[in-house]
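Notes follow once the structure below has been shown.
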Amino acid sequence: MILDDFKLDGKVAVVTGANTGLGQGMCVALAQAGAKVAGVARRSCDETKALIEENNGEFLEVIADLGTTEHIDRIIKEVKDKYGRVDILVNNAGIILREDAVDVSEENWGKVIDINLNVVFFLSQAFAKEFEKQQSGGKIINVASMLSYQGGIRVPSYTASKSAILGLTRALANEWAAKSINVNAIAPGYMATNNTNQLRKDADRSEAILDRIPAGRWGTPEDMKGAVVFLASKASDYVNGFTIAVDGGWLAR
């Protein structure tokens with residue numbers, strides 16, 4: 001039955017940026033589909049853990065600062081010590097710094113690129129090696145953005161990193177699809193999360209954004225659930241290198 005292809009029973013998923021917002025929503029979705037979930041974050045994931053355990057799911061918290069690659073091996077070790085394997089990686093952790101391009105310092109540029117791009121690549125590389133050792137294939141899901149397609153305003157480092165994520169998703173798929181490792185991405189539209197607090201508090205900008213969204217509302221973590229479960233499941237086994245927009249129709253305008 002086709003619905004069986006969406007089940008994640010017996011799979012182990014690792015989600016970065018798992019303590020809040022879209023990461024939390026995707027953790028809950030993957031657990032609801034049957035996966036054991038390990039959430040990686042700098043801060044406590046107690047709320048995510050509680051939401052998952054409410055539905056009798058399993059959750060492992062891994063505290064790590066993803067501003068550097070130095071914790072990658074430990075993340076994998078902690079997950080494998082607990083669950084014995086890894087099957088799914090969701091590269092969700094990211095930051096956005098808003099400032100005029102003429103004022104961006106090298107330090108601030110580096111912070112965004114390190115978290116949003118460098119760690120994503122090296123985490124993906126490490127997980128691909130694990131998938132090969134396991135001879136099981138695997139799923140890597142990157143979180144892109146509307147700014148993978150557009151320039152944005154006052155977010156040059158974020159735009160650069162998210163444009164790179166779209167290209168990196170394609171590049172890794174080209175190399176790893178033949179190894180049964182699916183690399184795809186989700187590009188969320190304008191979502192009601194911590195990253196968009198400033199925009200939503202700016203009445204003029206918020207109105208302009210809403211006027212362009214055919215669905216007429218900001219997205220929520222709930223809106224990400226279907227896409228992440230699809231890309232993590234057997235149902236997407238022949239989907240490679242593609243970025244799915246979950247944007248309420250923003251790009252259609």
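Naming works like this for the structure tokens: A, B, ... for the chains as they're shown, residue 1 at the start of each chain, ligands 1 onward in shown order.
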
- Message: DSSP on the backbone: which residues in stretch 26-236 of chain A end up as strand (DSSP E or B)? Give the answer as a VMD selection string.
- Response: chain A and resid 36 to 41 59 to 63 88 to 91 138 to 143 181 to 188 191 219

Just the selected residues (C-alpha atoms), exported as an mmCIF file, in the first residue's frame, please.
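Saved result, part-v2.cif, follows:
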data_model
loop_
_atom_site.group_PDB
_atom_site.id
_atom_site.type_symbol
_atom_site.label_atom_id
_atom_site.label_comp_id
_atom_site.auth_asym_id
_atom_site.auth_seq_id
_atom_site.Cartn_x
_atom_site.Cartn_y
_atom_site.Cartn_z
ATOM 1 C CA LYS A 36 13.493 7.556 16.440
ATOM 2 C CA VAL A 37 14.654 11.184 16.515
ATOM 3 C CA ALA A 38 17.884 12.740 17.741
ATOM 4 C CA GLY A 39 17.694 16.516 18.039
ATOM 5 C CA VAL A 40 20.865 18.608 17.932
ATOM 6 C CA ALA A 41 20.872 22.121 19.390
ATOM 7 C CA PHE A 59 13.816 11.387 21.332
ATOM 8 C CA LEU A 60 17.505 11.866 22.101
ATOM 9 C CA GLU A 61 18.875 15.313 22.889
ATOM 10 C CA VAL A 62 22.395 16.113 21.661
ATOM 11 C CA ILE A 63 23.749 19.455 22.854
ATOM 12 C CA ILE A 88 18.131 10.445 7.973
ATOM 13 C CA LEU A 89 19.846 13.821 8.370
ATOM 14 C CA VAL A 90 17.902 17.086 8.375
ATOM 15 C CA ASN A 91 20.251 20.081 8.124
ATOM 16 C CA GLY A 138 20.117 7.207 3.487
ATOM 17 C CA LYS A 139 18.293 10.505 3.268
ATOM 18 C CA ILE A 140 19.793 13.974 3.582
ATOM 19 C CA ILE A 141 17.372 16.896 3.694
ATOM 20 C CA ASN A 142 18.761 20.418 3.614
ATOM 21 C CA VAL A 143 16.760 23.486 4.572
ATOM 22 C CA ILE A 181 21.690 8.349 -0.780
ATOM 23 C CA ASN A 182 18.973 10.853 -1.578
ATOM 24 C CA VAL A 183 19.934 14.504 -1.136
ATOM 25 C CA ASN A 184 17.087 16.995 -1.433
ATOM 26 C CA ALA A 185 16.013 20.234 0.196
ATOM 27 C CA ILE A 186 13.007 22.132 1.464
ATOM 28 C CA ALA A 187 12.731 25.883 0.880
ATOM 29 C CA PRO A 188 10.374 27.289 3.514
ATOM 30 C CA MET A 191 7.384 31.340 8.388
ATOM 31 C CA GLY A 219 3.610 29.639 7.303
#

- Contact residues around stretch 239-252 of chain A with only C-alpha atoms at 9 Å, ignoring same-chain residues under 6 positions, as a ChimeraX atom specification: /A:142-146,149,166-174,177,181-191,209,212-219,223-224,227,231

Give me the stretch 15-100 of chain A side of the contact with stretch 122-132 of chain A, cut-off 8 Å, one line per residue showing its nearest atom pair and distance in Å at one decimal, counting only C-alpha atoms, sorted by chain and residue number, as JSON lines.
{"residue": "A:Thr69", "atom": "CA", "partner": "A:Phe122", "partner_atom": "CA", "distance": 7.0}
{"residue": "A:Ile72", "atom": "CA", "partner": "A:Leu123", "partner_atom": "CA", "distance": 6.3}
{"residue": "A:Asp73", "atom": "CA", "partner": "A:Ala126", "partner_atom": "CA", "distance": 7.8}
{"residue": "A:Ile76", "atom": "CA", "partner": "A:Phe127", "partner_atom": "CA", "distance": 7.9}
{"residue": "A:Val86", "atom": "CA", "partner": "A:Phe131", "partner_atom": "CA", "distance": 7.4}
{"residue": "A:Asp87", "atom": "CA", "partner": "A:Phe131", "partner_atom": "CA", "distance": 7.1}
{"residue": "A:Leu89", "atom": "CA", "partner": "A:Phe127", "partner_atom": "CA", "distance": 7.4}

- Please identify all polymer residues within 12 Å of A:Ala160, counting only C-alpha atoms, omitting same-chain residues fewer than 6 positions from it, and present them as a list in words. Ile96, Ala101, Trp109, Gly110, Val112, Ile113, Asp114, Asn116, Leu117, Ala144, Ser145, Met146, Leu147, Ser148, Tyr149, Gln150, Gly151, Gly152, Arg154, Leu166 and Gly167 of chain A

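Across the model, the gap from atom CA of A:Ala93 to atom CA of A:Thr68 is 11.9 Å.
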
Those in stretch 46-184 of chain A with helix (DSSP H, G or I) from DSSP, as a PDB file with C-alpha atoms, in the first residue's frame:
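Below you can see out-v1.pdb, which holds the result:
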ATOM      1  CA  ASP A  46      12.997  19.693  26.510  1.00  0.00           C
ATOM      2  CA  GLU A  47       9.929  21.076  24.748  1.00  0.00           C
ATOM      3  CA  THR A  48      10.608  19.047  21.601  1.00  0.00           C
ATOM      4  CA  LYS A  49      11.206  15.937  23.693  1.00  0.00           C
ATOM      5  CA  ALA A  50       7.915  16.440  25.544  1.00  0.00           C
ATOM      6  CA  LEU A  51       5.943  16.887  22.301  1.00  0.00           C
ATOM      7  CA  ILE A  52       7.397  13.673  20.883  1.00  0.00           C
ATOM      8  CA  GLU A  53       6.960  11.615  24.044  1.00  0.00           C
ATOM      9  CA  GLU A  54       3.323  12.739  24.295  1.00  0.00           C
ATOM     10  CA  THR A  69      32.548  21.412  12.640  1.00  0.00           C
ATOM     11  CA  GLU A  70      34.376  20.118  15.721  1.00  0.00           C
ATOM     12  CA  HIS A  71      31.318  18.357  17.198  1.00  0.00           C
ATOM     13  CA  ILE A  72      30.328  16.322  14.136  1.00  0.00           C
ATOM     14  CA  ASP A  73      32.021  13.072  15.142  1.00  0.00           C
ATOM     15  CA  ARG A  74      30.592  13.307  18.663  1.00  0.00           C
ATOM     16  CA  ILE A  75      27.075  13.883  17.340  1.00  0.00           C
ATOM     17  CA  ILE A  76      27.235  10.732  15.246  1.00  0.00           C
ATOM     18  CA  LYS A  77      28.786   8.753  18.109  1.00  0.00           C
ATOM     19  CA  GLU A  78      26.080   9.769  20.592  1.00  0.00           C
ATOM     20  CA  VAL A  79      23.307   8.844  18.172  1.00  0.00           C
ATOM     21  CA  LYS A  80      24.872   5.507  17.261  1.00  0.00           C
ATOM     22  CA  ASP A  81      25.588   4.693  20.910  1.00  0.00           C
ATOM     23  CA  LYS A  82      21.889   5.159  21.607  1.00  0.00           C
ATOM     24  CA  TYR A  83      20.248   3.780  18.464  1.00  0.00           C
ATOM     25  CA  ALA A 101      25.810  45.022   2.934  1.00  0.00           C
ATOM     26  CA  VAL A 102      28.247  47.935   3.344  1.00  0.00           C
ATOM     27  CA  ASP A 103      28.355  47.300   7.109  1.00  0.00           C
ATOM     28  CA  GLU A 106      34.193  39.605   8.077  1.00  0.00           C
ATOM     29  CA  GLU A 107      33.389  38.106  11.480  1.00  0.00           C
ATOM     30  CA  ASN A 108      29.614  38.294  10.978  1.00  0.00           C
ATOM     31  CA  TRP A 109      29.890  37.030   7.413  1.00  0.00           C
ATOM     32  CA  GLY A 110      31.893  34.049   8.662  1.00  0.00           C
ATOM     33  CA  LYS A 111      29.417  33.215  11.435  1.00  0.00           C
ATOM     34  CA  VAL A 112      26.559  32.855   8.974  1.00  0.00           C
ATOM     35  CA  ILE A 113      28.548  30.931   6.362  1.00  0.00           C
ATOM     36  CA  ASP A 114      29.999  28.571   8.980  1.00  0.00           C
ATOM     37  CA  ILE A 115      26.597  27.547  10.378  1.00  0.00           C
ATOM     38  CA  ASN A 116      24.455  27.747   7.254  1.00  0.00           C
ATOM     39  CA  LEU A 117      26.876  26.221   4.756  1.00  0.00           C
ATOM     40  CA  ASN A 118      30.162  24.822   6.051  1.00  0.00           C
ATOM     41  CA  VAL A 119      28.671  22.695   8.833  1.00  0.00           C
ATOM     42  CA  VAL A 120      25.890  21.533   6.484  1.00  0.00           C
ATOM     43  CA  PHE A 121      28.451  20.235   4.004  1.00  0.00           C
ATOM     44  CA  PHE A 122      30.661  18.475   6.523  1.00  0.00           C
ATOM     45  CA  LEU A 123      27.730  16.967   8.412  1.00  0.00           C
ATOM     46  CA  SER A 124      26.381  15.656   5.112  1.00  0.00           C
ATOM     47  CA  GLN A 125      29.799  14.248   4.241  1.00  0.00           C
ATOM     48  CA  ALA A 126      30.085  12.483   7.604  1.00  0.00           C
ATOM     49  CA  PHE A 127      26.584  11.016   7.341  1.00  0.00           C
ATOM     50  CA  ALA A 128      27.186   9.854   3.767  1.00  0.00           C
ATOM     51  CA  LYS A 129      30.231   7.930   5.024  1.00  0.00           C
ATOM     52  CA  GLU A 130      28.071   6.316   7.708  1.00  0.00           C
ATOM     53  CA  PHE A 131      25.407   5.372   5.167  1.00  0.00           C
ATOM     54  CA  GLU A 132      28.096   3.720   3.030  1.00  0.00           C
ATOM     55  CA  LYS A 133      29.462   1.783   6.011  1.00  0.00           C
ATOM     56  CA  GLN A 134      25.965   0.596   6.854  1.00  0.00           C
ATOM     57  CA  MET A 146      13.103  31.750  -0.522  1.00  0.00           C
ATOM     58  CA  LEU A 147      16.467  33.529  -0.611  1.00  0.00           C
ATOM     59  CA  SER A 148      17.918  30.542  -2.431  1.00  0.00           C
ATOM     60  CA  PRO A 156      23.707  39.267   2.031  1.00  0.00           C
ATOM     61  CA  SER A 157      25.429  36.527   4.038  1.00  0.00           C
ATOM     62  CA  TYR A 158      22.189  34.602   4.546  1.00  0.00           C
ATOM     63  CA  THR A 159      21.297  34.891   0.856  1.00  0.00           C
ATOM     64  CA  ALA A 160      24.763  33.690  -0.146  1.00  0.00           C
ATOM     65  CA  SER A 161      24.548  30.699   2.195  1.00  0.00           C
ATOM     66  CA  LYS A 162      21.044  29.668   1.157  1.00  0.00           C
ATOM     67  CA  SER A 163      21.778  30.064  -2.554  1.00  0.00           C
ATOM     68  CA  ALA A 164      24.751  27.789  -1.965  1.00  0.00           C
ATOM     69  CA  ILE A 165      22.535  25.222  -0.217  1.00  0.00           C
ATOM     70  CA  LEU A 166      20.379  24.892  -3.329  1.00  0.00           C
ATOM     71  CA  GLY A 167      23.469  24.264  -5.472  1.00  0.00           C
ATOM     72  CA  LEU A 168      25.114  21.982  -2.917  1.00  0.00           C
ATOM     73  CA  THR A 169      21.965  19.854  -2.762  1.00  0.00           C
ATOM     74  CA  ARG A 170      22.233  19.274  -6.517  1.00  0.00           C
ATOM     75  CA  ALA A 171      25.963  18.632  -6.420  1.00  0.00           C
ATOM     76  CA  LEU A 172      25.772  16.034  -3.640  1.00  0.00           C
ATOM     77  CA  ALA A 173      22.832  14.308  -5.322  1.00  0.00           C
ATOM     78  CA  ASN A 174      24.888  13.952  -8.489  1.00  0.00           C
ATOM     79  CA  GLU A 175      27.613  12.103  -6.591  1.00  0.00           C
ATOM     80  CA  TRP A 176      25.555  10.091  -4.133  1.00  0.00           C
ATOM     81  CA  ALA A 177      22.295   9.128  -5.864  1.00  0.00           C
ATOM     82  CA  ALA A 178      23.901   5.983  -7.284  1.00  0.00           C
ATOM     83  CA  LYS A 179      24.758   4.970  -3.705  1.00  0.00           C
TER      84      LYS A 179
END

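Near A:Asp5, within a cut-off of 10 Å and counting only C-alpha atoms, sit the residues Met1, Phe230, Ser233, Lys234, Ala235, Ser236 and Asp237 of chain A, with same-chain residues fewer than 4 positions away left out.
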
Write out as a PDB file with C-alpha atoms, in the first residue's frame which residues come within 12 Å of A:Asp9 when counting only C-alpha atoms, dropping same-chain ones fewer than 2 positions away.
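Heads up, here's the output in selection27.pdb:
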ATOM      1  CA  ASP A   4       3.260   2.283   3.891  1.00  0.00           C
ATOM      2  CA  ASP A   5       5.986   3.961   1.829  1.00  0.00           C
ATOM      3  CA  PHE A   6       5.677   7.057   4.010  1.00  0.00           C
ATOM      4  CA  LYS A   7       6.262   5.163   7.255  1.00  0.00           C
ATOM      5  CA  LYS A  11      14.596   4.592  11.031  1.00  0.00           C
ATOM      6  CA  VAL A  12      16.815   6.970  12.990  1.00  0.00           C
ATOM      7  CA  ALA A  13      16.598  10.660  12.104  1.00  0.00           C
ATOM      8  CA  LEU A  30       9.407  12.398  11.783  1.00  0.00           C
ATOM      9  CA  ALA A  31       8.578  10.848  15.159  1.00  0.00           C
ATOM     10  CA  GLN A  32       4.891  10.697  14.271  1.00  0.00           C
ATOM     11  CA  ALA A  33       5.871   8.826  11.101  1.00  0.00           C
ATOM     12  CA  GLY A  34       7.682   6.235  13.233  1.00  0.00           C
ATOM     13  CA  ALA A  35      11.321   7.374  13.360  1.00  0.00           C
ATOM     14  CA  LYS A  36      13.493   7.556  16.440  1.00  0.00           C
ATOM     15  CA  VAL A  37      14.654  11.184  16.515  1.00  0.00           C
ATOM     16  CA  GLY A  57       7.830   8.601  20.334  1.00  0.00           C
ATOM     17  CA  GLU A  58      11.550   8.353  21.131  1.00  0.00           C
ATOM     18  CA  ASP A  87      19.306   6.867   8.414  1.00  0.00           C
ATOM     19  CA  VAL A 229       8.273  13.054   5.952  1.00  0.00           C
ATOM     20  CA  ALA A 232      12.751  11.143   4.538  1.00  0.00           C
ATOM     21  CA  SER A 233      10.695   8.178   3.384  1.00  0.00           C
ATOM     22  CA  LYS A 234      10.775   5.437   0.759  1.00  0.00           C
TER      23      LYS A 234
END
